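Trainee: target16.cif (mmCIF, C-alpha atoms) pasted underneath:
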```
data_entry
loop_
_atom_site.label_atom_id
_atom_site.label_comp_id
_atom_site.auth_asym_id
_atom_site.auth_seq_id
_atom_site.Cartn_x
_atom_site.Cartn_y
_atom_site.Cartn_z
CA MET A 1 -50.25 -95.34 43.05
CA SER A 2 -47.67 -92.69 43.69
CA ALA A 3 -47.02 -90.77 46.88
CA THR A 4 -48.97 -87.68 45.76
CA ALA A 5 -52.06 -89.78 45.02
CA VAL A 6 -51.82 -91.47 48.42
CA LEU A 7 -51.42 -88.05 50.03
CA PHE A 8 -54.56 -86.82 48.25
CA TYR A 9 -56.66 -89.75 49.46
CA ILE A 10 -55.36 -89.39 53.04
CA LEU A 11 -56.16 -85.64 52.99
CA SER A 12 -59.65 -86.12 51.59
CA PHE A 13 -60.45 -88.88 54.09
CA PHE A 14 -59.22 -86.60 56.90
CA ILE A 15 -61.34 -83.67 55.66
CA LEU A 16 -64.52 -85.72 55.28
CA ALA A 17 -64.12 -87.66 58.54
CA THR A 18 -63.47 -84.56 60.65
CA GLY A 19 -66.23 -82.67 58.82
CA LEU A 20 -68.69 -85.45 59.62
CA LEU A 21 -67.58 -85.45 63.26
CA ALA A 22 -68.01 -81.66 63.35
CA VAL A 23 -71.69 -81.91 62.44
CA THR A 24 -72.44 -84.95 64.63
CA ALA A 25 -70.39 -84.35 67.81
CA LYS A 26 -72.47 -84.30 70.98
CA LYS A 27 -70.55 -81.51 72.71
CA ILE A 28 -70.40 -78.12 71.03
CA PHE A 29 -66.77 -77.42 71.93
CA ARG A 30 -65.64 -80.71 70.42
CA SER A 31 -67.64 -79.85 67.34
CA ALA A 32 -65.67 -76.59 67.01
CA ILE A 33 -62.37 -78.46 67.38
CA TRP A 34 -63.35 -80.97 64.69
CA LEU A 35 -64.25 -78.05 62.44
CA LEU A 36 -60.76 -76.66 63.09
CA PHE A 37 -59.21 -79.95 61.94
CA SER A 38 -61.39 -80.05 58.86
CA LEU A 39 -60.42 -76.51 57.84
CA THR A 40 -56.75 -77.32 58.38
CA GLY A 41 -57.17 -80.36 56.15
CA ILE A 42 -58.67 -78.14 53.45
CA ALA A 43 -55.62 -75.87 53.74
CA GLY A 44 -53.52 -79.01 53.24
CA LEU A 45 -55.54 -79.80 50.12
CA TYR A 46 -54.74 -76.32 48.76
CA PHE A 47 -51.06 -76.97 49.44
CA TRP A 48 -51.43 -80.25 47.58
CA LEU A 49 -52.96 -78.33 44.64
CA GLN A 50 -49.89 -76.04 44.76
CA MET A 51 -51.96 -72.97 45.65
CA GLU A 52 -49.76 -71.78 48.47
CA PHE A 53 -51.29 -68.31 48.75
CA ILE A 54 -54.85 -69.64 49.09
CA ALA A 55 -53.64 -72.17 51.65
CA ALA A 56 -52.00 -69.41 53.69
CA VAL A 57 -55.14 -67.26 53.52
CA GLN A 58 -57.23 -70.27 54.53
CA ILE A 59 -55.09 -70.87 57.61
CA VAL A 60 -54.94 -67.20 58.60
CA VAL A 61 -58.62 -66.35 58.08
CA TYR A 62 -60.44 -69.59 58.89
CA VAL A 63 -58.21 -71.34 61.40
CA GLY A 64 -56.83 -68.21 63.00
CA GLY A 65 -59.90 -66.01 62.77
CA ILE A 66 -63.29 -67.64 62.33
CA VAL A 67 -62.74 -70.72 64.49
CA VAL A 68 -61.31 -68.61 67.30
CA LEU A 69 -64.35 -66.31 67.00
CA ILE A 70 -66.67 -69.34 67.16
CA ILE A 71 -64.87 -70.71 70.22
CA PHE A 72 -65.13 -67.33 71.96
CA SER A 73 -68.82 -67.13 71.25
CA ILE A 74 -69.29 -70.68 72.58
CA PHE A 75 -67.67 -69.61 75.84
CA LEU A 76 -69.81 -66.47 75.95
CA THR A 77 -73.13 -68.16 75.34
CA GLN A 78 -73.15 -71.54 77.05
CA GLN A 79 -71.42 -74.14 79.14
CA ALA A 80 -68.93 -75.80 76.83
CA GLY A 81 -69.08 -79.16 78.57
CA LYS A 82 -72.85 -79.47 78.36
CA GLU A 83 -74.16 -81.97 75.86
CA LEU A 84 -76.35 -80.70 73.07
CA PRO A 85 -79.84 -82.18 73.00
CA ALA A 86 -79.94 -85.02 70.49
CA PRO A 87 -81.93 -84.20 67.35
CA LEU A 88 -85.23 -85.96 66.86
CA ARG A 89 -84.90 -89.41 65.33
CA GLY A 90 -87.21 -88.65 62.44
CA ARG A 91 -85.41 -85.42 61.63
CA THR A 92 -82.03 -87.18 61.62
CA PHE A 93 -83.37 -89.89 59.35
CA PHE A 94 -84.93 -87.57 56.82
CA SER A 95 -81.95 -85.16 56.84
CA ALA A 96 -79.57 -88.03 56.17
CA LEU A 97 -81.88 -89.28 53.44
CA ALA A 98 -82.03 -85.84 51.82
CA ALA A 99 -78.26 -85.36 52.04
CA ILE A 100 -77.48 -88.81 50.60
CA ALA A 101 -80.05 -88.41 47.81
CA GLY A 102 -78.68 -84.96 46.92
CA PHE A 103 -75.14 -86.30 46.97
CA CYS A 104 -75.99 -89.23 44.69
CA LEU A 105 -77.81 -86.97 42.24
CA THR A 106 -75.02 -84.37 42.12
CA PHE A 107 -72.21 -86.89 41.86
CA ASN A 108 -74.06 -88.78 39.14
CA LEU A 109 -74.27 -85.55 37.13
CA ILE A 110 -70.56 -84.85 37.73
CA CYS A 111 -69.57 -88.35 36.59
CA HIS A 112 -71.47 -88.07 33.34
CA TYR A 113 -70.25 -84.59 32.46
CA ALA A 114 -67.25 -84.59 30.16
CA PHE A 115 -64.91 -81.93 31.45
CA LYS A 116 -62.72 -80.48 28.74
CA PRO A 117 -59.18 -80.55 30.08
CA GLY A 118 -57.36 -77.26 29.71
CA SER A 119 -53.97 -76.73 28.18
CA ASN A 120 -51.18 -78.64 29.81
CA GLN A 121 -49.31 -75.59 31.02
CA VAL A 122 -48.59 -75.35 34.72
CA ILE A 123 -50.61 -72.73 36.55
CA ASP A 124 -48.62 -69.81 37.96
CA ALA A 125 -50.47 -68.78 41.12
CA GLY A 126 -47.59 -66.99 42.77
CA VAL A 127 -48.25 -64.09 45.12
CA SER A 128 -46.76 -61.53 42.73
CA ARG A 129 -49.07 -62.53 39.86
CA ILE A 130 -52.13 -62.60 42.13
CA GLY A 131 -51.24 -59.23 43.65
CA ALA A 132 -50.57 -57.58 40.29
CA GLN A 133 -53.87 -58.77 38.86
CA MET A 134 -55.79 -57.95 42.04
CA LEU A 135 -54.81 -54.28 41.94
CA SER A 136 -54.75 -53.81 38.18
CA THR A 137 -57.19 -51.37 36.58
CA SER A 138 -56.86 -52.92 33.12
CA GLU A 139 -59.42 -55.20 31.53
CA HIS A 140 -58.92 -58.31 33.68
CA GLY A 141 -58.06 -56.47 36.87
CA TYR A 142 -59.94 -56.98 40.12
CA VAL A 143 -59.48 -53.57 41.72
CA LEU A 144 -63.20 -52.71 41.80
CA PRO A 145 -64.30 -55.93 43.59
CA PHE A 146 -61.31 -55.47 45.88
CA GLU A 147 -62.50 -52.00 46.92
CA VAL A 148 -66.11 -53.19 47.24
CA VAL A 149 -65.10 -56.04 49.51
CA SER A 150 -63.06 -53.66 51.66
CA ILE A 151 -66.15 -51.44 52.07
CA LEU A 152 -68.14 -54.58 52.93
CA LEU A 153 -65.64 -55.54 55.63
CA LEU A 154 -65.76 -52.04 57.10
CA ALA A 155 -69.56 -52.06 57.08
CA ALA A 156 -69.61 -55.53 58.68
CA MET A 157 -67.19 -54.39 61.39
CA ILE A 158 -69.26 -51.32 62.27
CA GLY A 159 -72.45 -53.37 62.07
CA CYS A 160 -71.07 -55.97 64.50
CA ILE A 161 -70.18 -53.28 67.02
CA VAL A 162 -73.62 -51.68 66.73
CA ILE A 163 -75.46 -55.01 67.07
CA ALA A 164 -73.41 -56.43 69.92
CA ILE A 165 -73.04 -53.21 71.92
CA LYS A 166 -74.41 -53.44 75.43
CA THR A 167 -77.37 -51.16 76.00
CA LYS A 168 -78.12 -49.76 79.43
CA PRO A 169 -80.93 -51.59 81.23
CA VAL A 170 -83.09 -48.42 81.30
CA ASP A 171 -83.15 -48.37 77.49
CA ARG A 172 -85.01 -51.63 77.22
CA MET B 1 -50.47 -84.37 40.21
CA ASN B 2 -52.43 -85.08 37.05
CA GLU B 3 -52.97 -88.72 37.93
CA ILE B 4 -55.84 -87.68 40.21
CA PRO B 5 -58.82 -86.96 37.95
CA LEU B 6 -60.87 -83.84 38.56
CA THR B 7 -63.86 -86.03 39.48
CA HIS B 8 -62.15 -87.23 42.66
CA ILE B 9 -61.63 -83.69 43.91
CA LEU B 10 -65.23 -82.90 43.02
CA PHE B 11 -66.27 -86.00 45.01
CA VAL B 12 -64.60 -84.54 48.11
CA SER B 13 -66.19 -81.11 47.67
CA THR B 14 -69.65 -82.55 46.95
CA ALA B 15 -69.45 -84.83 49.99
CA LEU B 16 -68.34 -81.89 52.17
CA PHE B 17 -71.22 -79.78 50.85
CA PHE B 18 -73.80 -82.41 51.77
CA ILE B 19 -72.18 -83.04 55.16
CA GLY B 20 -72.64 -79.32 55.82
CA MET B 21 -76.23 -79.53 54.60
CA TYR B 22 -76.92 -82.48 56.92
CA GLY B 23 -75.55 -80.45 59.82
CA LEU B 24 -77.72 -77.48 58.85
CA PHE B 25 -80.81 -79.72 58.85
CA THR B 26 -80.20 -81.61 62.10
CA ARG B 27 -78.63 -79.01 64.38
CA ARG B 28 -80.84 -76.55 66.20
CA ASN B 29 -78.08 -74.55 67.90
CA MET B 30 -77.17 -71.37 66.04
CA ILE B 31 -73.40 -71.69 66.49
CA THR B 32 -73.33 -75.24 65.14
CA MET B 33 -75.49 -74.15 62.21
CA LEU B 34 -72.94 -71.42 61.50
CA MET B 35 -70.21 -74.10 61.50
CA SER B 36 -72.18 -76.06 58.90
CA VAL B 37 -72.41 -72.95 56.73
CA GLU B 38 -68.62 -72.59 56.96
CA LEU B 39 -68.22 -76.18 55.74
CA ILE B 40 -70.51 -75.46 52.78
CA LEU B 41 -68.54 -72.32 51.84
CA ASN B 42 -65.29 -74.27 52.03
CA SER B 43 -66.58 -76.96 49.70
CA VAL B 44 -67.41 -74.24 47.16
CA ASN B 45 -63.88 -72.86 47.50
CA ILE B 46 -62.37 -76.29 46.79
CA ASN B 47 -64.48 -76.45 43.64
CA PHE B 48 -63.31 -73.05 42.40
CA VAL B 49 -59.63 -73.82 43.00
CA ALA B 50 -59.84 -77.27 41.40
CA PHE B 51 -61.61 -75.97 38.29
CA ASN B 52 -59.07 -73.17 37.98
CA LYS B 53 -56.20 -75.63 38.29
CA TYR B 54 -57.49 -78.35 35.98
CA LEU B 55 -59.56 -76.60 33.31
CA TYR B 56 -58.19 -73.04 32.99
CA PRO B 57 -54.53 -73.09 34.04
CA ASP B 58 -53.80 -69.90 32.07
CA LYS B 59 -56.23 -67.75 34.11
CA LEU B 60 -56.64 -66.92 37.80
CA GLY B 61 -60.41 -66.41 38.01
CA GLY B 62 -61.04 -69.25 40.47
CA VAL B 63 -58.33 -68.02 42.81
CA PHE B 64 -59.91 -64.55 42.96
CA PHE B 65 -63.37 -65.97 43.55
CA THR B 66 -61.96 -68.03 46.41
CA LEU B 67 -60.26 -65.02 47.97
CA PHE B 68 -63.44 -62.93 47.80
CA ILE B 69 -65.55 -65.80 49.18
CA ILE B 70 -63.15 -66.11 52.14
CA ALA B 71 -63.40 -62.36 52.81
CA ILE B 72 -67.21 -62.43 52.66
CA ALA B 73 -67.31 -65.55 54.86
CA ALA B 74 -65.27 -63.71 57.49
CA ALA B 75 -67.69 -60.76 57.43
CA GLU B 76 -70.67 -63.12 57.55
CA ALA B 77 -69.31 -65.06 60.53
CA ALA B 78 -68.60 -61.85 62.45
CA VAL B 79 -72.09 -60.43 61.86
CA ALA B 80 -73.73 -63.78 62.66
CA ILE B 81 -71.86 -64.07 65.95
CA ALA B 82 -72.78 -60.48 66.90
CA ILE B 83 -76.44 -61.33 66.27
CA ILE B 84 -76.14 -64.58 68.25
CA ILE B 85 -74.58 -62.82 71.25
CA ASN B 86 -77.27 -60.12 71.18
CA LEU B 87 -79.98 -62.79 70.95
CA TYR B 88 -78.44 -64.68 73.86
CA ARG B 89 -78.52 -61.53 75.94
CA ASN B 90 -82.24 -61.09 75.29
CA LEU B 91 -83.48 -64.70 75.32
CA SER B 92 -80.74 -66.55 77.31
CA SER B 93 -80.76 -69.23 74.62
CA ILE B 94 -79.29 -69.65 71.16
CA ASP B 95 -81.67 -72.37 70.02
CA VAL B 96 -83.46 -71.44 66.81
CA GLU B 97 -86.74 -72.85 68.16
CA ASP B 98 -86.70 -70.26 70.97
CA ALA B 99 -86.17 -67.30 68.66
CA GLY B 100 -89.72 -67.00 67.34
CA GLU B 101 -90.55 -63.45 68.39
CA MET B 102 -90.40 -61.99 64.88
CA LYS B 103 -92.16 -64.94 63.30
CA PHE B 104 -95.61 -63.45 62.73
#
```
Write the structure described by the file as structure tokens, please.
Mentor:
Amino acid sequence: MSATAVLFYILSFFILATGLLAVTAKKIFRSAIWLLFSLTGIAGLYFWLQMEFIAAVQIVVYVGGIVVLIIFSIFLTQQAGKELPAPLRGRTFFSALAAIAGFCLTFNLICHYAFKPGSNQVIDAGVSRIGAQMLSTSEHGYVLPFEVVSILLLAAMIGCIVIAIKTKPVDR
Amino acid sequence: MNEIPLTHILFVSTALFFIGMYGLFTRRNMITMLMSVELILNSVNINFVAFNKYLYPDKLGGVFFTLFIIAIAAAEAAVAIAIIINLYRNLSSIDVEDAGEMKF
């Protein structure tokens, strides 16, 4: 087993272990921190796949944006040190059963599907190629989805402000 | 690089998807449920990038899907947190069991 294979198995173990801790941690703040580690591990996996741009976007948006937003909202809505109430025993059991059954079914299907390997050429996912195709108006360009997603982000931003704005007590 | 078969990467993403699903089933706190949704979206992104890399190395479709999913996930998290904060202001709780006012 070469060093890259070992690196892959270490990264995947890290991602799965911290992901599992993120959904089972007793304290909500610790859960957010485990989620942070898991997302960083996924960025590492993108680096391992030689997709540097995706890895950078993952770190900037998820680690730098979403997790910080989640941590802020934890501080705004509850005591971070308080323990979450433990889920009911029956619910835990049946959720674990459903998740394991779904995993076994899906992975069984994946194992028996014969993926056709593509051509052996090395993928060129450099920033210049991604940027040129993203803003191209030719047949395989992505300029229309790009504009739509920018409208979506604007709408989401305005929507957040409208939803979270503080109304005066007399308005209630 | 190519000594790792595609199935192993798909194992990681499938396991991460079902870990997120387990969290979505067991947790009753809205912020932790949102974290589980983020895990699920990330597992889908791993799938797209791995398929792009292994099966279609001459195209960039998976990379673009991943970028758009990340952008939509950011918008979704922001809107969800705005709703959670507004709900907390009205109910002083972010437990999904307490938010039953619009149920019937």
Trainee: Provide as a list of chain:residue names the residues of chain A at most 6 Å from chain B, counting all atoms listed in the file.
Mentor: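 Residues passing the distance filter: A:Val23, A:Thr92, A:Ser95, A:Ala99, A:Pro117, A:Gly118, A:Ile123, A:Leu153, A:Ala156, A:Cys160, A:Ala164.
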Trainee: Would you export the selected residues with C-alpha atoms as a PDB file, in the coordinates of the input, please?
Mentor:
```
ATOM      1  CA  VAL A  23     -71.690 -81.910  62.440  1.00  0.00           C
ATOM      2  CA  THR A  92     -82.030 -87.180  61.620  1.00  0.00           C
ATOM      3  CA  SER A  95     -81.950 -85.160  56.840  1.00  0.00           C
ATOM      4  CA  ALA A  99     -78.260 -85.360  52.040  1.00  0.00           C
ATOM      5  CA  PRO A 117     -59.180 -80.550  30.080  1.00  0.00           C
ATOM      6  CA  GLY A 118     -57.360 -77.260  29.710  1.00  0.00           C
ATOM      7  CA  ILE A 123     -50.610 -72.730  36.550  1.00  0.00           C
ATOM      8  CA  LEU A 153     -65.640 -55.540  55.630  1.00  0.00           C
ATOM      9  CA  ALA A 156     -69.610 -55.530  58.680  1.00  0.00           C
ATOM     10  CA  CYS A 160     -71.070 -55.970  64.500  1.00  0.00           C
ATOM     11  CA  ALA A 164     -73.410 -56.430  69.920  1.00  0.00           C
TER      12      ALA A 164
END
```
Trainee: Applying the PyMOL selection byres ((chain A and resi 40-50) around 9) to the file I just gave you, which residues come out? Please list them as a PyMOL selection string.
Mentor: (chain A and resi 4+7-8+11-12+14-15+18+35-39+51-59+62-63+123+125) or (chain B and resi 1+42-43+46+49-50+53)
Trainee: Please report the interatomic distance between atom CA of A:Phe29 and atom CA of A:Glu83 in Å with one decimal.
Mentor: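 Spanning atom CA of A:Phe29 to atom CA of A:Glu83 is a straight-line distance of 9.5 Å.
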Trainee: Just the number, please: distance in Å from atom CA of A:Arg89 to atom CA of A:Ala22, one decimal.
Mentor: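 A separation of 18.7 Å between them.
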Trainee: Have a look at atom CA of A:Leu152 and atom CA of A:Leu69 and let me know their distance in Å, one decimal.
Mentor: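 About the pair atom CA of A:Leu152 and atom CA of A:Leu69: they are 18.7 Å apart.
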Trainee: Which residue, B:Val44, B:Leu91, B:Glu97, B:Phe65, has the smallest gap to A:Pro145 when you use only C-alpha atoms?
Mentor: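 Smallest distance to A:Pro145 is found for B:Phe65.
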Trainee: Missing atoms in stretch 112-125 of chain A should be modelled up to N, CA and C atoms and reported as a PDB file, keeping the file's coordinate frame.
Mentor:
```
ATOM      1  N   HIS A 112     -71.089 -87.966  34.740  1.00  0.00           N
ATOM      2  CA  HIS A 112     -71.470 -88.070  33.340  1.00  0.00           C
ATOM      3  C   HIS A 112     -71.145 -86.824  32.541  1.00  0.00           C
ATOM      4  N   TYR A 113     -70.614 -85.786  33.210  1.00  0.00           N
ATOM      5  CA  TYR A 113     -70.250 -84.590  32.460  1.00  0.00           C
ATOM      6  C   TYR A 113     -68.818 -84.727  31.974  1.00  0.00           C
ATOM      7  N   ALA A 114     -68.599 -84.486  30.704  1.00  0.00           N
ATOM      8  CA  ALA A 114     -67.250 -84.590  30.160  1.00  0.00           C
ATOM      9  C   ALA A 114     -66.546 -83.253  30.298  1.00  0.00           C
ATOM     10  N   PHE A 115     -65.663 -83.170  31.282  1.00  0.00           N
ATOM     11  CA  PHE A 115     -64.910 -81.930  31.450  1.00  0.00           C
ATOM     12  C   PHE A 115     -63.845 -81.839  30.385  1.00  0.00           C
ATOM     13  N   LYS A 116     -63.774 -80.669  29.737  1.00  0.00           N
ATOM     14  CA  LYS A 116     -62.720 -80.480  28.740  1.00  0.00           C
ATOM     15  C   LYS A 116     -61.438 -80.094  29.469  1.00  0.00           C
ATOM     16  N   PRO A 117     -60.425 -80.923  29.398  1.00  0.00           N
ATOM     17  CA  PRO A 117     -59.180 -80.550  30.080  1.00  0.00           C
ATOM     18  C   PRO A 117     -58.559 -79.337  29.419  1.00  0.00           C
ATOM     19  N   GLY A 118     -57.988 -78.459  30.237  1.00  0.00           N
ATOM     20  CA  GLY A 118     -57.360 -77.260  29.710  1.00  0.00           C
ATOM     21  C   GLY A 118     -56.003 -77.583  29.113  1.00  0.00           C
ATOM     22  N   SER A 119     -55.312 -76.544  28.718  1.00  0.00           N
ATOM     23  CA  SER A 119     -53.970 -76.730  28.180  1.00  0.00           C
ATOM     24  C   SER A 119     -53.071 -77.289  29.272  1.00  0.00           C
ATOM     25  N   ASN A 120     -52.009 -77.929  28.855  1.00  0.00           N
ATOM     26  CA  ASN A 120     -51.180 -78.640  29.810  1.00  0.00           C
ATOM     27  C   ASN A 120     -50.199 -77.761  30.564  1.00  0.00           C
ATOM     28  N   GLN A 121     -50.288 -76.441  30.351  1.00  0.00           N
ATOM     29  CA  GLN A 121     -49.310 -75.590  31.020  1.00  0.00           C
ATOM     30  C   GLN A 121     -49.557 -75.585  32.524  1.00  0.00           C
ATOM     31  N   VAL A 122     -48.493 -75.346  33.269  1.00  0.00           N
ATOM     32  CA  VAL A 122     -48.590 -75.350  34.720  1.00  0.00           C
ATOM     33  C   VAL A 122     -49.080 -73.984  35.161  1.00  0.00           C
ATOM     34  N   ILE A 123     -50.036 -73.995  36.100  1.00  0.00           N
ATOM     35  CA  ILE A 123     -50.610 -72.730  36.550  1.00  0.00           C
ATOM     36  C   ILE A 123     -49.589 -71.962  37.397  1.00  0.00           C
ATOM     37  N   ASP A 124     -49.522 -70.651  37.166  1.00  0.00           N
ATOM     38  CA  ASP A 124     -48.620 -69.810  37.960  1.00  0.00           C
ATOM     39  C   ASP A 124     -49.477 -68.989  38.908  1.00  0.00           C
ATOM     40  N   ALA A 125     -49.647 -69.485  40.133  1.00  0.00           N
ATOM     41  CA  ALA A 125     -50.470 -68.780  41.120  1.00  0.00           C
ATOM     42  C   ALA A 125     -49.586 -68.189  42.205  1.00  0.00           C
TER      43      ALA A 125
END
```
